[in-house]
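For reference, the structure is listed below as structure tokens.
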Amino acid sequence: MATTVSDRPGYGQLLRTPGAWTFLLPGFAARQPFAMLTIGIVLLVQHTTGSYGSAGAVAAVSGVSMALFAPQSGKLADRFGQRAVLLPGVLLHAVSVSALTVLALADAPLWALFAAAVPTGASIPQVGPMVRARWAAMLGATPDRPASPLMSTAAAFESVTDEFTFVLGPVIATALCTGVHPAAGLVTEAALTLVGGLLFAAQRATQPAPRPAATAAEPHASALSVPGVRVLIVAFLGIGAVFGGMQVSLTAFSEEIGHPGVNGVLYGIFAAGNMLAGIVCGAIAWKSGPRRRLIVGYVALTLTASGLWAVHSVPLLAGLGLLVGLCIAPALISGYTLVDSLVPATARTEAFTWLTGAVALGQAAAVTAAGQLADAHGASTGFLVPLAGTALALVTLLALRSRLAPPSAGRTVARGIGHREPVTVD
């Protein structure tokens, strides 16, 4: 689908892309539950067991399961089409969440909750990556046309949408669990996933074409076989470490100073920085390529995260948290934009799910590490986790930055997944 763009792309022009609204609205409804699941599990299991430790463990099992199974879901969507994966996926997720809810209310043993949490996380529909794949199919490079300047705007728009989801979802789930019933958050999550997922799957016209049957018979290679994708996964693990480390450490800091209510304010400022940066990034007509922007953004993210552990006042932590949030969106957006130049369309959804899963896995690991550090040595030490995660990822990015360059014309990207035309990234 060809798209005409001006010299200065913007959100208005992006949203006027033919067919965009047909998948954006149901896609937003279907991805909203993703941010409700963790807090919904924590509040329900804590209510039934009386233990935050048990609640966090069940939620962590669900998160790790999602991170491990999401790329397989993306791989199947690339090969057989998004609808073919979504229809059984949303049904399985609704059943799994219902089973977890019933078991928790029945005071089932912890091992049973763990068992139910595995399919609950594994079946989370990867709507965000699927929406990104639809944008890439509409705006990305093909043998017949170069990538649209709106690709960067689309990546920024999706980053802002994700962040808005993670601000709104927990608020809705918490209000339902505390004001209606402890299980209301999970029940609503399952219902929204089912209805939104089915509506999104019904939008066939905008979904990327599945791999042709002739190609499907050839040896199949994962998006993970593209070297640049592996480098991006490390970068997104570091970003996940920031999210997880900030969540736990801000909570511990607020309790340590005797004002637990300030946690929501501090995290809201951090999230607002991310949203603001995402909005600005999408409104700029960039002259530098996404690889350069990723490295510059990651350097800034690492530098700002390095000071968190030394801050001991609410105003300073709020200000530094805002700066950290401002640095996340440029790195995320640049990484997602690079996928279009590195990965063929036949493996693009899978590539997006690898990155989304990497954020979730980094977040799960950071929550555990920051929690242990905060318990043993105080809240400030928990902030060392974002620093360590981003520093290690930055070293990897700098050492392997050449792998983020697109393949030359006619060169095979990875065995079994096709060829690419040259695309400028710097």
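Chains: A, B, ... in order of the structure tokens. Residues: from 1 per chain. Ligands: from 1, in order shown.
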
Please produce, as a tab-separated table, a per-residue contact table for region 33-106 of chain A versus region 24-28 of chain A (criterion: any atom at most 12 Å away, only C-alpha atoms considered), showing the nearest atom pair and its distance in Å to one decimal, sorted by chain then residue number.
residue	atom	partner	partner_atom	distance
A:Pro33	CA	A:Phe28	CA	9.4
A:Phe34	CA	A:Phe28	CA	10.4
A:Ala35	CA	A:Phe28	CA	11.5
A:Leu86	CA	A:Gly27	CA	11.7

Please tabulate, as JSON lines, the residues of region 330-370 of chain A that come within 7 Å of region 242-257 of chain A, each with its closest pair of atoms and the distance in Å to one decimal, counting only C-alpha atoms and ordering rows by chain, then residue number upward.
{"residue": "A:Gln363", "atom": "CA", "partner": "A:Gly244", "partner_atom": "CA", "distance": 4.2}
{"residue": "A:Ala364", "atom": "CA", "partner": "A:Gly244", "partner_atom": "CA", "distance": 6.5}
{"residue": "A:Ala366", "atom": "CA", "partner": "A:Gly244", "partner_atom": "CA", "distance": 4.9}
{"residue": "A:Val367", "atom": "CA", "partner": "A:Gly244", "partner_atom": "CA", "distance": 4.8}
{"residue": "A:Ala370", "atom": "CA", "partner": "A:Gly245", "partner_atom": "CA", "distance": 5.6}

How would the residues just picked look written out with N, CA, C and O atoms as an mmCIF file, in the first residue's frame?
data_model
loop_
_atom_site.group_PDB
_atom_site.id
_atom_site.type_symbol
_atom_site.label_atom_id
_atom_site.label_comp_id
_atom_site.auth_asym_id
_atom_site.auth_seq_id
_atom_site.Cartn_x
_atom_site.Cartn_y
_atom_site.Cartn_z
ATOM 1 N N GLN A 363 12.441 -6.705 32.802
ATOM 2 C CA GLN A 363 11.658 -6.154 33.897
ATOM 3 C C GLN A 363 11.490 -7.178 35.016
ATOM 4 O O GLN A 363 11.640 -6.848 36.204
ATOM 5 N N ALA A 364 11.192 -8.437 34.657
ATOM 6 C CA ALA A 364 11.020 -9.483 35.671
ATOM 7 C C ALA A 364 12.313 -9.710 36.454
ATOM 8 O O ALA A 364 12.303 -9.843 37.682
ATOM 9 N N ALA A 366 14.757 -7.545 36.840
ATOM 10 C CA ALA A 366 15.070 -6.345 37.613
ATOM 11 C C ALA A 366 14.212 -6.247 38.864
ATOM 12 O O ALA A 366 14.687 -5.813 39.925
ATOM 13 N N VAL A 367 12.943 -6.628 38.757
ATOM 14 C CA VAL A 367 12.056 -6.607 39.923
ATOM 15 C C VAL A 367 12.626 -7.503 41.025
ATOM 16 O O VAL A 367 12.678 -7.129 42.206
ATOM 17 N N ALA A 370 16.214 -5.935 42.221
ATOM 18 C CA ALA A 370 16.043 -4.687 42.965
ATOM 19 C C ALA A 370 15.348 -4.938 44.295
ATOM 20 O O ALA A 370 15.683 -4.303 45.312
#

### Message
I'd like the contact shell of Gln203 (chain A) - 9 Å cut-off, only C-alpha atoms, skipping same-chain residues fewer than 6 positions apart - returned as a PyMOL selection string.
### Response
chain A and resi 22-23+26+83

Could you dump the residues just selected with N, CA, C and O atoms as a short mmCIF file (atom, residue, chain, number, x, y, z; two decimals), in the first residue's frame?
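Output contents, as saved in out09.cif:
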data_model
loop_
_atom_site.label_atom_id
_atom_site.label_comp_id
_atom_site.auth_asym_id
_atom_site.auth_seq_id
_atom_site.Cartn_x
_atom_site.Cartn_y
_atom_site.Cartn_z
N THR A 22 -8.95 1.48 11.42
CA THR A 22 -9.65 0.20 11.51
C THR A 22 -8.93 -0.79 12.43
O THR A 22 -9.56 -1.68 13.00
N PHE A 23 -7.59 -0.62 12.59
CA PHE A 23 -6.88 -1.52 13.51
C PHE A 23 -6.39 -0.80 14.77
O PHE A 23 -6.10 -1.46 15.77
N PRO A 26 -9.52 -1.05 17.79
CA PRO A 26 -9.59 -2.37 18.44
C PRO A 26 -8.25 -2.81 18.99
O PRO A 26 -8.19 -3.53 19.99
N ARG A 83 -4.59 -13.26 12.25
CA ARG A 83 -5.91 -13.77 12.64
C ARG A 83 -5.84 -15.22 13.08
O ARG A 83 -6.47 -15.61 14.08
#

### Task
Write down as a ChimeraX atom specification the residues of region 210-417 of chain A whose backbone DSSP state falls under alpha helix (DSSP H).
/A:213-216,227-256,262-283,290-305,314-342,348-377,379-382,384-399

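Residue nearest Val311 (chain A) within the list A:Val180, A:Val231, A:Leu224, A:Ala379: A:Ala379 [criterion: smallest interatomic distance, only C-alpha atoms].
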
Could you give me, as a PDB file with N, CA, C and O atoms, in the first residue's frame, the residues within 9 Å of Trp286 (chain A), counting only C-alpha atoms and dropping anything in the same chain fewer than 3 positions from it?
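Saved as selection_5.pdb:
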ATOM      1  N   PRO A 149       8.884   8.202   5.449  1.00  0.00           N
ATOM      2  CA  PRO A 149       9.336   8.972   6.612  1.00  0.00           C
ATOM      3  C   PRO A 149       8.402   8.820   7.811  1.00  0.00           C
ATOM      4  O   PRO A 149       8.782   9.106   8.938  1.00  0.00           O
ATOM      5  N   SER A 152       9.142   6.375  11.379  1.00  0.00           N
ATOM      6  CA  SER A 152       9.607   6.853  12.689  1.00  0.00           C
ATOM      7  C   SER A 152       8.458   7.422  13.500  1.00  0.00           C
ATOM      8  O   SER A 152       8.375   7.224  14.722  1.00  0.00           O
ATOM      9  N   CYS A 281       9.472  12.910  19.770  1.00  0.00           N
ATOM     10  CA  CYS A 281      10.232  12.139  18.778  1.00  0.00           C
ATOM     11  C   CYS A 281       9.422  11.914  17.509  1.00  0.00           C
ATOM     12  O   CYS A 281       9.959  11.952  16.402  1.00  0.00           O
ATOM     13  N   GLY A 289      20.039   8.798  11.231  1.00  0.00           N
ATOM     14  CA  GLY A 289      19.400   7.498  11.131  1.00  0.00           C
ATOM     15  C   GLY A 289      19.071   6.908  12.491  1.00  0.00           C
ATOM     16  O   GLY A 289      19.588   7.348  13.519  1.00  0.00           O
ATOM     17  N   PRO A 290      18.208   5.885  12.535  1.00  0.00           N
ATOM     18  CA  PRO A 290      17.800   5.296  13.809  1.00  0.00           C
ATOM     19  C   PRO A 290      18.932   4.620  14.569  1.00  0.00           C
ATOM     20  O   PRO A 290      18.913   4.589  15.796  1.00  0.00           O
TER      21      PRO A 290
END

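If only C-alpha atoms are the atoms counted, then among A:Val229, A:Ala201, A:Ala331, A:Leu14 the closest residue to Ala154 (chain A) is A:Leu14.
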
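The nearest approach to Gly169 (chain A) among the residues A:Ala283, A:Leu37, A:Leu326, A:Ala209, with only C-alpha atoms taken into account, belongs to A:Leu37.
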
### Message
Residues within 9 Å of region 60-76 of chain A, please, as a PyMOL selection string. Count only C-alpha atoms; anything in the same chain fewer than 2 positions from it doesn't count.
### Response
chain A and resi 37-38+55-58+78-82+84-86+89+114-126+129-130+222-223+346-361+363-365+367-368

Using only C-alpha atoms, please write the residues we just selected to a file, as a short mmCIF file (atom, residue, chain, number, x, y, z; two decimals), in the first residue's frame.
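So the final result, stored in part_11.cif, reads:
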data_model
loop_
_atom_site.label_atom_id
_atom_site.label_comp_id
_atom_site.auth_asym_id
_atom_site.auth_seq_id
_atom_site.Cartn_x
_atom_site.Cartn_y
_atom_site.Cartn_z
CA LEU A 37 -2.68 -8.50 34.19
CA THR A 38 0.28 -8.19 36.58
CA ALA A 55 1.44 -12.71 44.79
CA GLY A 56 4.63 -11.36 43.24
CA ALA A 57 5.90 -14.87 42.51
CA VAL A 58 2.71 -15.83 40.65
CA ASP A 78 4.28 -14.10 10.36
CA ARG A 79 3.88 -17.53 8.83
CA PHE A 80 0.13 -18.11 9.04
CA GLY A 81 -1.33 -14.63 9.55
CA GLN A 82 -2.27 -12.64 12.64
CA ALA A 84 -4.95 -17.44 12.71
CA VAL A 85 -2.92 -16.86 15.89
CA LEU A 86 -5.21 -14.35 17.60
CA GLY A 89 -4.92 -17.19 21.52
CA PHE A 114 1.92 -21.29 39.37
CA ALA A 115 0.57 -23.93 37.00
CA ALA A 116 -2.31 -21.67 35.94
CA ALA A 117 0.00 -18.66 35.58
CA VAL A 118 2.06 -20.40 32.86
CA PRO A 119 -0.69 -20.59 30.19
CA THR A 120 -2.02 -17.23 31.37
CA GLY A 121 1.27 -15.54 30.46
CA ALA A 122 2.00 -17.70 27.42
CA SER A 123 -1.36 -16.85 25.81
CA ILE A 124 -1.19 -13.05 26.22
CA PRO A 125 -2.05 -11.79 22.72
CA GLN A 126 0.84 -9.82 21.25
CA PRO A 129 3.81 -6.07 18.01
CA MET A 130 1.01 -6.94 15.59
CA SER A 222 13.72 -17.14 13.06
CA ALA A 223 14.10 -13.36 13.22
CA THR A 346 8.01 -12.36 6.66
CA ALA A 347 9.60 -12.27 10.13
CA ARG A 348 8.73 -8.79 11.32
CA THR A 349 5.99 -9.62 13.84
CA GLU A 350 8.27 -12.19 15.41
CA ALA A 351 11.06 -9.60 15.67
CA PHE A 352 8.75 -7.14 17.42
CA THR A 353 7.64 -9.82 19.88
CA TRP A 354 11.27 -10.68 20.67
CA LEU A 355 11.83 -7.03 21.62
CA THR A 356 8.62 -6.82 23.64
CA GLY A 357 9.51 -10.08 25.37
CA ALA A 358 13.01 -8.78 26.12
CA VAL A 359 11.53 -5.76 27.92
CA ALA A 360 9.26 -8.08 29.95
CA LEU A 361 12.13 -10.44 30.78
CA GLN A 363 11.66 -6.15 33.90
CA ALA A 364 11.02 -9.48 35.67
CA ALA A 365 14.73 -9.94 36.42
CA VAL A 367 12.06 -6.61 39.92
CA THR A 368 13.64 -9.63 41.61
#

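For the atom pair formed by CA of Gln32 (chain A) and CA of Ala94 (chain A), the distance is 14.3 Å, given to one decimal.
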
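Among the candidate residues A:Val45, A:Leu176, A:Ala77, A:Ala184, the one lying nearest to Asp107 (chain A) is A:Val45, with distances computed using only C-alpha atoms.
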
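Picture a line from CA of Thr206 (chain A) to CA of Val131 (chain A); it runs 9.5 Å.
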
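The spacing separating CA of Arg291 (chain A) from CA of Gly268 (chain A) amounts to 29.0 Å.
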